[in-house]
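Undergrad: PDB, C-alpha atoms, pLDDT in the B column, saved as my_file.pdb, coming up:
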```pdb
ATOM      1  CA  MET A  47       0.000   0.000   0.000  1.00 52.00           C
ATOM      2  CA  MET A  48       2.852   2.366   0.896  1.00 51.00           C
ATOM      3  CA  ARG A  49       4.473   1.727  -2.479  1.00 52.00           C
ATOM      4  CA  LYS A  50       1.208   2.594  -4.192  1.00 46.00           C
ATOM      5  CA  TYR A  51       1.031   5.969  -2.430  1.00 45.00           C
ATOM      6  CA  LEU A  52       4.691   6.633  -3.164  1.00 46.00           C
ATOM      7  CA  PHE A  53       4.110   5.876  -6.831  1.00 45.00           C
ATOM      8  CA  ILE A  54       1.071   8.176  -6.959  1.00 50.00           C
ATOM      9  CA  GLY A  55       3.036  10.935  -5.243  1.00 46.00           C
ATOM     10  CA  TRP A  56       5.922  10.487  -7.666  1.00 45.00           C
ATOM     11  CA  ALA A  57       3.541  10.575 -10.643  1.00 46.00           C
ATOM     12  CA  VAL A  58       1.917  13.792  -9.407  1.00 42.00           C
ATOM     13  CA  TRP A  59       5.306  15.463  -8.998  1.00 43.00           C
ATOM     14  CA  MET A  60       6.326  14.388 -12.492  1.00 44.00           C
ATOM     15  CA  VAL A  61       3.174  15.945 -13.948  1.00 40.00           C
ATOM     16  CA  VAL A  62       3.863  19.183 -12.060  1.00 37.00           C
ATOM     17  CA  ILE A  63       7.500  19.270 -13.169  1.00 40.00           C
ATOM     18  CA  LEU A  64       6.605  18.568 -16.798  1.00 40.00           C
ATOM     19  CA  GLY A  65       3.988  21.299 -16.636  1.00 42.00           C
ATOM     20  CA  ILE A  66       6.570  23.772 -15.348  1.00 37.00           C
ATOM     21  CA  ILE A  67       9.046  22.751 -18.053  1.00 38.00           C
ATOM     22  CA  SER A  68       6.371  23.116 -20.722  1.00 42.00           C
ATOM     23  CA  SER A  69       5.401  26.542 -19.403  1.00 40.00           C
ATOM     24  CA  CYS A  70       9.027  27.686 -19.358  1.00 41.00           C
ATOM     25  CA  SER A  71       9.501  26.389 -22.897  1.00 42.00           C
ATOM     26  CA  GLN A  72       6.463  28.339 -24.103  1.00 46.00           C
ATOM     27  CA  ASP A  73       7.669  31.489 -22.332  1.00 47.00           C
ATOM     28  CA  LYS A  74      11.059  31.071 -23.974  1.00 52.00           C
ATOM     29  CA  GLY A  75       9.356  30.644 -27.352  1.00 57.00           C
ATOM     30  CA  THR A  76       7.369  33.841 -26.818  1.00 73.00           C
ATOM     31  CA  SER A  77      10.537  35.720 -25.879  1.00 85.00           C
ATOM     32  CA  ARG A  78      12.338  34.437 -28.969  1.00 91.00           C
ATOM     33  CA  LEU A  79       9.478  35.580 -31.173  1.00 94.00           C
ATOM     34  CA  ALA A  80       9.901  39.082 -29.776  1.00 92.00           C
ATOM     35  CA  TRP A  81      13.656  39.055 -30.400  1.00 93.00           C
ATOM     36  CA  GLY A  82      13.167  37.532 -33.841  1.00 93.00           C
ATOM     37  CA  LYS A  83      10.877  40.402 -34.743  1.00 93.00           C
ATOM     38  CA  TYR A  84      13.292  42.942 -33.269  1.00 92.00           C
ATOM     39  CA  TYR A  85      16.178  41.837 -35.496  1.00 92.00           C
ATOM     40  CA  LEU A  86      14.137  41.125 -38.635  1.00 92.00           C
ATOM     41  CA  TRP A  87      14.919  44.336 -40.517  1.00 89.00           C
ATOM     42  CA  SER A  88      18.409  45.099 -39.252  1.00 87.00           C
ATOM     43  CA  ALA A  89      19.883  41.593 -38.929  1.00 91.00           C
ATOM     44  CA  PRO A  90      17.710  38.931 -40.584  1.00 92.00           C
ATOM     45  CA  ASP A  91      20.394  36.280 -40.095  1.00 94.00           C
ATOM     46  CA  SER A  92      20.218  36.831 -36.332  1.00 95.00           C
ATOM     47  CA  SER A  93      16.436  36.782 -36.518  1.00 95.00           C
ATOM     48  CA  TYR A  94      16.558  33.446 -38.336  1.00 96.00           C
ATOM     49  CA  ARG A  95      18.894  31.884 -35.776  1.00 96.00           C
ATOM     50  CA  ILE A  96      16.720  33.047 -32.885  1.00 95.00           C
ATOM     51  CA  LEU A  97      13.513  31.759 -34.463  1.00 96.00           C
ATOM     52  CA  ASN A  98      15.146  28.500 -35.493  1.00 95.00           C
ATOM     53  CA  ALA A  99      16.055  27.916 -31.843  1.00 93.00           C
ATOM     54  CA  ILE A 100      12.394  27.711 -30.799  1.00 93.00           C
ATOM     55  CA  PRO A 101      12.173  23.990 -29.938  1.00 88.00           C
ATOM     56  CA  PHE A 102       8.490  23.247 -30.528  1.00 90.00           C
ATOM     57  CA  PRO A 103       6.759  25.889 -32.696  1.00 92.00           C
ATOM     58  CA  ASP A 104       3.667  23.693 -32.878  1.00 90.00           C
ATOM     59  CA  LYS A 105       3.291  24.037 -29.096  1.00 90.00           C
ATOM     60  CA  LEU A 106       2.857  27.801 -29.357  1.00 93.00           C
ATOM     61  CA  SER A 107      -0.576  29.383 -29.165  1.00 94.00           C
ATOM     62  CA  VAL A 108      -2.502  29.866 -32.415  1.00 95.00           C
ATOM     63  CA  GLU A 109      -1.590  33.560 -32.461  1.00 95.00           C
ATOM     64  CA  GLU A 110       2.069  32.811 -31.761  1.00 95.00           C
ATOM     65  CA  GLN A 111       2.164  30.132 -34.452  1.00 96.00           C
ATOM     66  CA  ALA A 112       0.931  32.697 -36.977  1.00 97.00           C
ATOM     67  CA  CYS A 113       3.566  35.155 -35.779  1.00 96.00           C
ATOM     68  CA  TYR A 114       6.244  32.456 -36.007  1.00 97.00           C
ATOM     69  CA  ALA A 115       5.144  31.474 -39.520  1.00 97.00           C
ATOM     70  CA  LEU A 116       5.339  35.072 -40.731  1.00 97.00           C
ATOM     71  CA  LEU A 117       8.622  35.940 -39.028  1.00 97.00           C
ATOM     72  CA  MET A 118      10.345  32.708 -40.048  1.00 97.00           C
ATOM     73  CA  THR A 119       9.258  33.149 -43.669  1.00 97.00           C
ATOM     74  CA  GLN A 120      10.460  36.753 -43.667  1.00 96.00           C
ATOM     75  CA  ALA A 121      13.784  35.851 -42.069  1.00 96.00           C
ATOM     76  CA  MET A 122      14.389  32.936 -44.437  1.00 96.00           C
ATOM     77  CA  TYR A 123      13.536  35.018 -47.487  1.00 94.00           C
ATOM     78  CA  ARG A 124      15.653  37.965 -46.408  1.00 92.00           C
ATOM     79  CA  CYS A 125      18.574  35.607 -45.716  1.00 93.00           C
ATOM     80  CA  GLY A 126      18.282  34.151 -49.205  1.00 92.00           C
ATOM     81  CA  HIS A 127      17.182  30.691 -48.080  1.00 94.00           C
ATOM     82  CA  LYS A 128      15.266  28.659 -50.627  1.00 92.00           C
ATOM     83  CA  ILE A 129      11.593  28.258 -49.702  1.00 95.00           C
ATOM     84  CA  SER A 130      10.063  25.372 -51.606  1.00 94.00           C
ATOM     85  CA  SER A 131       6.461  25.693 -50.442  1.00 96.00           C
ATOM     86  CA  ASP A 132       3.950  28.295 -49.315  1.00 96.00           C
ATOM     87  CA  SER A 133       2.613  26.016 -46.568  1.00 97.00           C
ATOM     88  CA  LEU A 134       4.316  27.912 -43.730  1.00 97.00           C
ATOM     89  CA  ILE A 135       3.319  31.405 -44.836  1.00 98.00           C
ATOM     90  CA  ASN A 136      -0.227  30.160 -45.428  1.00 98.00           C
ATOM     91  CA  ILE A 137      -0.545  29.688 -41.662  1.00 97.00           C
ATOM     92  CA  ALA A 138       0.080  33.411 -41.255  1.00 98.00           C
ATOM     93  CA  VAL A 139      -2.115  34.397 -44.204  1.00 98.00           C
ATOM     94  CA  GLN A 140      -5.026  32.363 -42.877  1.00 97.00           C
ATOM     95  CA  TYR A 141      -4.739  33.812 -39.374  1.00 97.00           C
ATOM     96  CA  TYR A 142      -4.140  37.448 -40.307  1.00 97.00           C
ATOM     97  CA  SER A 143      -6.887  37.468 -42.918  1.00 95.00           C
ATOM     98  CA  SER A 144      -9.406  37.710 -40.084  1.00 94.00           C
ATOM     99  CA  GLN A 145      -7.341  38.625 -37.004  1.00 93.00           C
ATOM    100  CA  GLY A 146      -4.328  40.673 -36.027  1.00 90.00           C
ATOM    101  CA  ASN A 147      -3.258  43.989 -37.510  1.00 92.00           C
ATOM    102  CA  ALA A 148      -3.010  45.323 -41.044  1.00 95.00           C
ATOM    103  CA  ASP A 149       0.809  45.330 -40.976  1.00 96.00           C
ATOM    104  CA  ASP A 150       0.967  41.580 -40.450  1.00 97.00           C
ATOM    105  CA  LYS A 151      -1.802  40.882 -42.958  1.00 97.00           C
ATOM    106  CA  ALA A 152      -0.098  42.928 -45.675  1.00 97.00           C
ATOM    107  CA  SER A 153       3.296  41.392 -44.891  1.00 97.00           C
ATOM    108  CA  ALA A 154       1.937  37.842 -44.954  1.00 98.00           C
ATOM    109  CA  LEU A 155       0.328  38.404 -48.358  1.00 98.00           C
ATOM    110  CA  LEU A 156       3.478  40.075 -49.683  1.00 97.00           C
ATOM    111  CA  TYR A 157       5.726  37.181 -48.702  1.00 97.00           C
ATOM    112  CA  LYS A 158       3.216  34.684 -50.033  1.00 98.00           C
ATOM    113  CA  GLY A 159       3.546  36.543 -53.326  1.00 98.00           C
ATOM    114  CA  TYR A 160       7.344  36.384 -53.149  1.00 96.00           C
ATOM    115  CA  ILE A 161       7.269  32.628 -52.626  1.00 97.00           C
ATOM    116  CA  LEU A 162       4.720  31.969 -55.358  1.00 98.00           C
ATOM    117  CA  GLU A 163       6.692  34.113 -57.803  1.00 96.00           C
ATOM    118  CA  ASP A 164       9.875  32.187 -56.988  1.00 95.00           C
ATOM    119  CA  LEU A 165       7.946  28.963 -57.600  1.00 97.00           C
ATOM    120  CA  GLY A 166       6.914  30.189 -61.046  1.00 96.00           C
ATOM    121  CA  GLN A 167       3.274  30.734 -60.114  1.00 97.00           C
ATOM    122  CA  ASP A 168       3.102  34.300 -61.364  1.00 97.00           C
ATOM    123  CA  ASN A 169      -0.674  34.645 -61.639  1.00 97.00           C
ATOM    124  CA  GLU A 170      -1.125  33.526 -58.048  1.00 98.00           C
ATOM    125  CA  ALA A 171       1.772  35.752 -56.984  1.00 98.00           C
ATOM    126  CA  LEU A 172       0.241  38.792 -58.661  1.00 97.00           C
ATOM    127  CA  TYR A 173      -3.068  38.085 -56.928  1.00 98.00           C
ATOM    128  CA  ALA A 174      -1.298  37.908 -53.552  1.00 98.00           C
ATOM    129  CA  TYR A 175       0.540  41.178 -54.272  1.00 98.00           C
ATOM    130  CA  LYS A 176      -2.725  42.886 -55.195  1.00 97.00           C
ATOM    131  CA  GLN A 177      -4.300  41.641 -51.971  1.00 98.00           C
ATOM    132  CA  ALA A 178      -1.295  43.008 -50.106  1.00 98.00           C
ATOM    133  CA  GLU A 179      -1.710  46.343 -51.887  1.00 97.00           C
ATOM    134  CA  GLU A 180      -5.297  46.499 -50.667  1.00 97.00           C
ATOM    135  CA  ALA A 181      -4.341  45.536 -47.120  1.00 96.00           C
ATOM    136  CA  VAL A 182      -1.477  48.036 -46.916  1.00 96.00           C
ATOM    137  CA  LYS A 183      -3.754  51.068 -47.235  1.00 94.00           C
ATOM    138  CA  THR A 184      -4.069  51.350 -43.454  1.00 93.00           C
ATOM    139  CA  VAL A 185      -0.471  50.346 -42.674  1.00 94.00           C
ATOM    140  CA  LYS A 186       1.751  53.042 -41.173  1.00 90.00           C
ATOM    141  CA  ASP A 187       5.100  51.316 -41.779  1.00 90.00           C
ATOM    142  CA  LEU A 188       6.205  52.769 -45.111  1.00 90.00           C
ATOM    143  CA  ARG A 189       8.756  50.004 -45.606  1.00 90.00           C
ATOM    144  CA  ILE A 190       5.914  47.550 -46.184  1.00 93.00           C
ATOM    145  CA  HIS A 191       4.355  49.920 -48.723  1.00 94.00           C
ATOM    146  CA  PHE A 192       7.723  50.157 -50.460  1.00 92.00           C
ATOM    147  CA  LEU A 193       8.213  46.402 -50.722  1.00 93.00           C
ATOM    148  CA  ILE A 194       4.700  45.841 -52.061  1.00 95.00           C
ATOM    149  CA  TYR A 195       5.010  48.567 -54.694  1.00 95.00           C
ATOM    150  CA  THR A 196       8.415  47.339 -55.856  1.00 92.00           C
ATOM    151  CA  ALA A 197       7.143  43.750 -56.011  1.00 95.00           C
ATOM    152  CA  LEU A 198       4.252  44.895 -58.206  1.00 96.00           C
ATOM    153  CA  GLY A 199       6.626  47.010 -60.277  1.00 93.00           C
ATOM    154  CA  ASN A 200       8.938  44.059 -60.799  1.00 92.00           C
ATOM    155  CA  ILE A 201       6.319  41.523 -61.810  1.00 95.00           C
ATOM    156  CA  ASN A 202       4.591  43.959 -64.165  1.00 94.00           C
ATOM    157  CA  GLY A 203       7.932  44.852 -65.710  1.00 91.00           C
ATOM    158  CA  ARG A 204       8.742  41.215 -66.390  1.00 92.00           C
ATOM    159  CA  TYR A 205       5.591  40.967 -68.496  1.00 93.00           C
ATOM    160  CA  ALA A 206       6.341  44.210 -70.350  1.00 92.00           C
ATOM    161  CA  HIS A 207       3.510  46.058 -68.626  1.00 94.00           C
ATOM    162  CA  TYR A 208       5.824  49.024 -68.421  1.00 91.00           C
ATOM    163  CA  GLU A 209       3.222  51.677 -67.711  1.00 93.00           C
ATOM    164  CA  HIS A 210       1.968  49.785 -64.664  1.00 94.00           C
ATOM    165  CA  SER A 211       5.518  48.942 -63.654  1.00 91.00           C
ATOM    166  CA  LEU A 212       6.675  52.564 -63.737  1.00 91.00           C
ATOM    167  CA  SER A 213       3.554  53.639 -61.876  1.00 93.00           C
ATOM    168  CA  TYR A 214       4.346  51.304 -58.996  1.00 94.00           C
ATOM    169  CA  TYR A 215       8.011  52.293 -58.953  1.00 90.00           C
ATOM    170  CA  ARG A 216       6.963  55.933 -58.745  1.00 90.00           C
ATOM    171  CA  LYS A 217       4.678  55.109 -55.827  1.00 92.00           C
ATOM    172  CA  ALA A 218       7.629  53.521 -54.071  1.00 89.00           C
ATOM    173  CA  LEU A 219       9.809  56.524 -54.877  1.00 86.00           C
ATOM    174  CA  ASP A 220       7.184  58.970 -53.633  1.00 88.00           C
ATOM    175  CA  LEU A 221       7.354  57.415 -50.175  1.00 87.00           C
ATOM    176  CA  ASN A 222      10.617  59.352 -49.703  1.00 78.00           C
ATOM    177  CA  LEU A 223      12.098  56.749 -47.393  1.00 74.00           C
ATOM    178  CA  SER A 224      15.008  57.885 -45.279  1.00 67.00           C
ATOM    179  CA  VAL A 225      18.507  56.488 -45.798  1.00 58.00           C
ATOM    180  CA  PRO A 226      18.340  54.487 -42.523  1.00 61.00           C
ATOM    181  CA  ALA A 227      15.111  52.894 -43.749  1.00 63.00           C
ATOM    182  CA  TRP A 228      16.782  51.932 -47.034  1.00 60.00           C
ATOM    183  CA  ASN A 229      19.745  50.468 -45.186  1.00 60.00           C
ATOM    184  CA  ALA A 230      17.534  48.559 -42.761  1.00 60.00           C
ATOM    185  CA  MET A 231      15.703  46.904 -45.632  1.00 62.00           C
ATOM    186  CA  GLY A 232      18.835  46.115 -47.581  1.00 59.00           C
ATOM    187  CA  GLU A 233      17.089  47.446 -50.686  1.00 54.00           C
ATOM    188  CA  ASN A 234      19.911  49.646 -51.970  1.00 51.00           C
ATOM    189  CA  ILE A 235      19.897  47.720 -55.257  1.00 49.00           C
ATOM    190  CA  TYR A 236      16.827  49.749 -56.211  1.00 57.00           C
ATOM    191  CA  LEU A 237      18.402  53.118 -55.482  1.00 54.00           C
ATOM    192  CA  PRO A 238      20.031  53.672 -58.927  1.00 49.00           C
ATOM    193  CA  LEU A 239      16.732  52.799 -60.598  1.00 58.00           C
ATOM    194  CA  PHE A 240      14.834  55.290 -58.476  1.00 57.00           C
ATOM    195  CA  ILE A 241      17.408  58.005 -59.116  1.00 54.00           C
ATOM    196  CA  TRP A 242      16.882  57.378 -62.833  1.00 52.00           C
ATOM    197  CA  LEU A 243      13.109  57.435 -62.395  1.00 59.00           C
ATOM    198  CA  ARG A 244      13.289  60.756 -60.609  1.00 55.00           C
ATOM    199  CA  GLU A 245      14.841  62.287 -63.719  1.00 53.00           C
ATOM    200  CA  LEU A 246      12.064  61.087 -66.019  1.00 53.00           C
ATOM    201  CA  PRO A 247       9.494  63.695 -67.060  1.00 53.00           C
ATOM    202  CA  VAL A 248       6.073  63.295 -65.512  1.00 52.00           C
ATOM    203  CA  GLN A 249       3.622  61.961 -68.090  1.00 51.00           C
TER     204      GLN A 249
END
```
Starting from the coordinates I provided, produce the structure as structure tokens.
TA:
Amino acid sequence: MMRKYLFIGWAVWMVVILGIISSCSQDKGTSRLAWGKYYLWSAPDSSYRILNAIPFPDKLSVEEQACYALLMTQAMYRCGHKISSDSLINIAVQYYSSQGNADDKASALLYKGYILEDLGQDNEALYAYKQAEEAVKTVKDLRIHFLIYTALGNINGRYAHYEHSLSYYRKALDLNLSVPAWNAMGENIYLPLFIWLRELPVQ
């Protein structure tokens, strides 16, 4: 009988300990999400390493899983990692389509477009970009506006829709982003193009 009580007591303590460990793991995951977001623009490689260290992303809350899916996709893309499927970003797109803020919704749709375009699914990519353009109307972060407009400019340019392409590039140019914002995005490759665009006469 004594052994039975000892076993029950041991089992209860194990459940408590595992619960504490699980709680600590979730707290650590939440903290890493915050740091991953903090470094996303300035040091995407650091953001990727932090996010990749989250041991059990599937144990996060539904909201945190959506955040993880978006941040990890952004970090991977900005680090130049090959993304072979839109399954991860779809978690974020599905969640932010009805919940969360406009920034995350627009970003999720933008990166879905990036992935689809890389996979050769241009029609679907263009649709995602257009959805992102609609969602970005209430977004205050001009960097997201910039990336959406340049994505639309690029894809239209590839199909020789030059009037639409130039229109989107001009929208991006008209944002008048500061030099620190350019540097944070790592988008300096577009700067010569925009300098050239600035010299074009207005139609």
Undergrad: If the PyMOL selection byres ((chain A and resi 172) around 12) is run on the structure shown, which residues does it catch, given as an MDAnalysis selection string?
TA: chainID A and resid 155:164 166:171 173:179 194:195 197:202 204:205
Undergrad: What would the selection look like, as number ranges by chain, if the PyMOL selection byres ((chain A and resi 102-113) around 10) were run on the coordinates I just shared?
TA: A: 68, 71-73, 75-76, 79-80, 83, 97-101, 114-119, 134-142, 145-146, 150, 154
Undergrad: Please identify all polymer residues within 9 Å of range 124-130 of chain A, counting all atoms listed in the file, omitting same-chain residues fewer than 6 positions from it, and present them as a list in words.
TA: Leu86, Trp87, Pro90, Asp91, Tyr94, Ile161, Asp164, Leu165, Met231 and Gly232 of chain A
Undergrad: May I ask which of the residues A:Leu212, A:Val182, A:Ala218, A:Ala121 is the closest one to Thr196 in chain A, counting all atoms listed in the file?
TA: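 Among the listed residues, the smallest separation from Thr196 in chain A belongs to A:Ala218.
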Undergrad: Select, from A:Ala89, A:Ala206, A:Ala148, A:Leu219, the residue with the minimum atom-to-atom distance to Asp187 in chain A, counting only C-alpha atoms.
TA: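 Checking each candidate against Asp187 in chain A, we get A:Ala148 as the closest.
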Undergrad: So which one's closest to Arg95 in chain A, A:Ala181, A:Arg78, A:Asp149, A:Lys217? Using all atoms listed in the file, please.
TA: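 Residue with the minimum atom-to-atom distance to Arg95 in chain A: A:Arg78.
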Undergrad: Could you check how far CA of Ala152 in chain A sits from CA of His210 in chain A, in Å to one decimal?
TA: 20.3 Å
Undergrad: Between A:Gln120, A:Ser77, A:Ser131, A:Ser153, which residue has the minimum interatomic distance to Arg189 in chain A, considering only C-alpha atoms?
TA: A:Ser153
Undergrad: Quick check, in Å to one decimal: how far apart do CA of Ser92 in chain A and CA of Thr184 in chain A lie?
TA: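 Computing the Euclidean distance for CA of Ser92 in chain A and CA of Thr184 in chain A yields 29.2 Å.
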Undergrad: Rounded to one decimal in Å, what is the spacing between CA of Asp132 in chain A and CA of Ser88 in chain A?
TA: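 So the two atoms, CA of Asp132 in chain A and CA of Ser88 in chain A, lie 24.3 Å apart.
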